[in-house]
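Read the structure below first, then the notes.
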Amino acid sequence: MAAIRPEPADPLSRRGFLQLCALAAGVLSPARAAWAQEAPKKGGTLRVGFYIEAATMDPHFSGSKIDRQVYHNIYEPLVTLDAHLGIKPGLAESWQQPDPKTIVFKLRRGVKFHDGTDFNAEAVKFNFNRMKTEPKSVRKGEVASIDAVDVIDAYTVKLNLKRPDAALLATLTDRAGMMVSPKTAQERGPELERNAKGAGTGPFLFVEWVKDDHLLIRRNDAYWNKQGGPYLEQIRYRPIPDDTVKLQSLQAGEIQVMDYVQPRDVAAVKADRNVVVLDVPSLADFAYQLNHTRPPFDNKALRQAVAYSLDLEQIVKGVWLNVGVPANGPIPPTSWAYDRAIPFIKRDLAKVKAKLAEAGKAGGFTFTMTTNNIPINVQEAEVIQAQLAEAGITMKIKLVDSGTLISDGNAKNFEMISFQWSGRPDPDGNTYQFYRTTPGTSLNWSGISNPQIDALLDRSREVNSQAERKKLFSQLTRILQDELPMVFIVHPVEPKAFSPRVQNYDPIPDGMMRFKDVWLK
Amino acid sequence: MARLILHRIAATIPVLLLVTAGVFTLIHLTPGDPIDAMMAESVDDSVKQRLRQDLGLDRPLYLQYASWMGRLLQGDLGRSIRNQEPVIENVARRIKPSLQLAGLAMAISLLVATPIGILSAARRNSAVDRLGTSFALFGICMPNFLIALLLIFVFGVTLRWLPISGYVDPWEEPWDGVRSLALPAITLGLALAAVITRTLRSSMLEALSEDYVRTARAKGLSDGAVVRRHALRNALIPVVTVLGLQLGTLVGGAVITEYVFALPGVGRLVVDAVFARDYPLVQGVVLLIAAGFIVSNLAVDLLYGWIDPRIRHR
């Protein structure tokens with residue numbers, strides 16, 4: 001029985017990671033050098049501005065990214081991510097995998113939920129059962145590979161899997177691994193969605209959520225981990241929907257943290273000495289799905305003609321203002337599975353001509369792109385439209401709101417459609433559900449069904465060695481570049497902005513803001 | 001009076017019915033699905049299907065409308081799909097900031113527009129008139145969001161006198177509450193003041209050219225007394241009409257201002273609900289906004305009678 005320890009983040013070292021940040025940012029944030037020099041100070045209220053407010057306080061019912069930002073300070077998952085997306089202990093202090101279909105977690109002792117009850121193996125079993133059986137659980141798909149949970153002793157729990165699932169540990173670093181107090185969940189019922197008092201084990205306690213106004217959490221003085229924070233007295237989250245106003249609120253000192261700076265504002269904000277910007281490389285993958293189930297993109301040559309028409313460097317420079325890097329596939333440069341030996345598809349008008357001729361459309365063809373009616377998407381669509389026009393391809397733009405976009409995608413009612421995925425720590429989360437043959441509704445909007453891809457994806461779940469999996473994902477990326485279920489555009493960087501008072505923030509590329517060790521100067 | 005009110009209330013019923021049917025049809029015809037919008041990242045079809053069944057979204061549209069109307073007749077506006085709270089609670093929470101903002105914006109607009117409108121008319125073609133007319137033109141031409149961003153930049157970022165965004169209830173913390181509403185109220189108030197200034201100026205000009213004004217002047221009344229006692233009261237009817245119409249717009253339609261200042265008002269509620277395809281919430285809020293419009297128009301009609309007793313007797 002081999003103990004599985006968090007694997008070293010091959011090949012990206014911490015220094016390498018920071019260099020990557022710096023590369024994306026153009027300059028290393030001055031705040032990082034300042035952080036870690038002074039002794040942390042307890043107290044103060046950190047005010048955080050988000051673009052919308054949370055949807056629910058129950059991690060098992062949550063379908064919104066913004067919820068996770070709050071959860072990562074109230075709740076804790078069994079395992080967590082380090083800065084290189086490696087898996088490290090969380091509420092589980094170690095884990096073993098005696099065979100591909102079994103994971104045994106040794107749980108941390110002395111951890112209490114905020115309601116005073118013990119965190120133990122029974123609690124873990126309760127949580128997985130809840131995720132699997134609650135009718136409203138949004139986590140069902142994520143824990144689908146877990147067949148049964150056995151309590152071995154008070155602090156040991158065994159997950160029996162239906163099939164090998166190499167991506168499961170990474171999945172458990174987020175909501176699917178977050179442990180809710182069984183007592184609070186049972187007593188409070190649906191009200192837990194609005195009131196998470198007592199429910200977590202994390203460094204901060206839920207205090208109140210005044211809908212549409214603010215969500216307040218307070219330091220957990222009884223937190224089990226005595227190393228480092230929590231230092232902040234309180235964190236107050238506020239929804240500020242307008243990006244410009246959110247930025248001005250930061251500049252005026254009304255908030256000290258903003259979750260995302262629009263690319264258009266990044267240069268100006270970096271020039272402001274009252275704001276510290278940190279470029280956090282994300283896990284995101286922004287692309288366009290091409291509909292394989294109907295003309296014109298049921299024709300591979302036409303898909304390739306579109307891909308060879310695009311100048312990704314120009315798009316990233318002109319639209320994204322270099323707040324991101326051209327994408328060679330679905331796996332972001334932050335991931336251990338990213339293969340930098342695979343170049344992104346370069347513009348080649350001669351190839352476009354050949355591909356158009358191959359498809360019998362030497363004079364070009366016309367299609368419609370469906371995209372979100374938000375400024376950066378519209379700009380990107382217009383640049384793509386111009387690039388395609390130069391290659392003799394006519395693209396019409398259909399602007400829709402996100403509700404329509406999702407429903408058009410699910411119904412395969414599109415020819416080419418914008419798809420922006422926030423990304424998952426394991427490459428499986430950026431690939432499997434998009435490219436695996438799936439009948440019915442799924443995120444495989446393109447409708448791609450390719451036995452070679454299916455086999456690679458299945459294999460990538462069965463194999464446990466990271467090096468082996470990396471090879472599989474490299475192969476997959478090359479096939480995707482040829483088959484083109486999506487035209488990959490950019491892996492954006494997610495710049496976050498802080499008041500210079502905010503100290504010791506450690507960015508993790510999943511974009512979640514964990515404030516345990518943060519303090520205010 | 002009571003008959004007038006009853007008559008008007010009876011006349012609102014078909015209007016409200018039309019509004020509910022129209023909104024129901026439109027929101028359901030719009031592409032998109034509340035469950036897809038809510039669970040964009042979840043791929044488990046069975047969860048989505050179950051939710052659709054639980055919420056009755058899998059039934060034919062006419063049945064959904066009939067059951068919604070049935071509940072409405074019992075005073076139940078249903079529950080939001082997104083947050084599961086009763087629609088009425090969602091609206092109750094959002095209506096307070098909206099009403100406070102509308103009230104404050106109206107007060108500001110009247111404080112600004114009344115003197116400018118009167119002076120512009122009384123001193124027609126003078127420098128004061130030209131200044132007043134320019135102000136009105138500026139206020140009408142400038143989009144709300146631009147005024148808002150300018151105010152934020154000057155008073156929030158540069159001078160730091162007022163908070164940039166957020167809401168504090170003035171009934172709980174009067175000073176902070178008024179401060180939190182100041183910039184949005186000025187934004188809305190300035191635009192409204194421009195409209196009122198123009199309306200008041202033109203109706204004052206009309207009133208000042210009437211025979212009774214000449215008679216009053218011939219009797220030796222001062223300019224001030226002529227304006228106050230004779231012209232202004234007669235010039236107020238169009239102003240009240242504008243105010244009545246604007247009240248509804250301010251409460252339900254101040255979306256941009258609420259959005260920019262992160263105010264939790266009704267306008268943002270309904271727009272967010274449309275984007276989330278939260279059908280019961282959209283239907284409920286639009287119904288309530290329509291009812292609010294009707295009530296404010298009724299109030300305007302009653303005000304006419306108070307301002308001009310001749311209207312009451314007709």
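Residues in the structure tokens are named by chain (A, B, ... in the order shown) and by number from 1 within that chain; ligands are numbered from 1 in the order shown.
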Hey, list the chain A side of the contact with chain B: 10 Å cut-off, only C-alpha atoms, answer as a ChimeraX atom specification. /A:51-52,55-56,61-65,134-142,144,190,193-194,211-214,238-246,248-254,400-408,410,421-422,433,440-444
Could you pull out all residues of segment 69-304 of chain B with a DSSP call of alpha helix (DSSP H) and give them as a PyMOL selection string? chain B and resi 69-73+87-122+127-141+144-151+174-208+211-218+223-225+233-253+255-260+266-275+279-304
Using DSSP on the backbone coordinates, identify the residues of segment 326-487 of chain A assigned to strand (DSSP E); present them as a PyMOL selection string. chain A and resi 326+366-372+394-400+416-421+486-487
Point-to-point distance from atom CA of Pro326 of chain A to atom CA of Ile489 of chain A, Å rounded to tenths: 5.8 Å
I'd like the contact shell of Thr173 of chain A - 7 Å cut-off, only C-alpha atoms, skipping same-chain residues fewer than 3 positions apart - returned as a list in words.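 The residues that qualify are Pro77, Leu78, Val79, Thr80, Leu81, Leu169, Ala170 and Gly177 of chain A.
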With C-alpha atoms kept, could you save the residues just selected as a PDB file, in the first residue's frame?
```
ATOM      1  CA  PRO A  77     -12.144  20.790   1.857  1.00  0.00           C
ATOM      2  CA  LEU A  78     -10.539  17.430   2.625  1.00  0.00           C
ATOM      3  CA  VAL A  79      -7.549  18.387   0.473  1.00  0.00           C
ATOM      4  CA  THR A  80      -6.389  21.757  -0.807  1.00  0.00           C
ATOM      5  CA  LEU A  81      -4.330  23.226  -3.611  1.00  0.00           C
ATOM      6  CA  LEU A 169      -8.587  14.335  -5.447  1.00  0.00           C
ATOM      7  CA  ALA A 170      -8.410  17.606  -7.362  1.00  0.00           C
ATOM      8  CA  GLY A 177     -14.625  18.194  -0.728  1.00  0.00           C
TER       9      GLY A 177
END
```
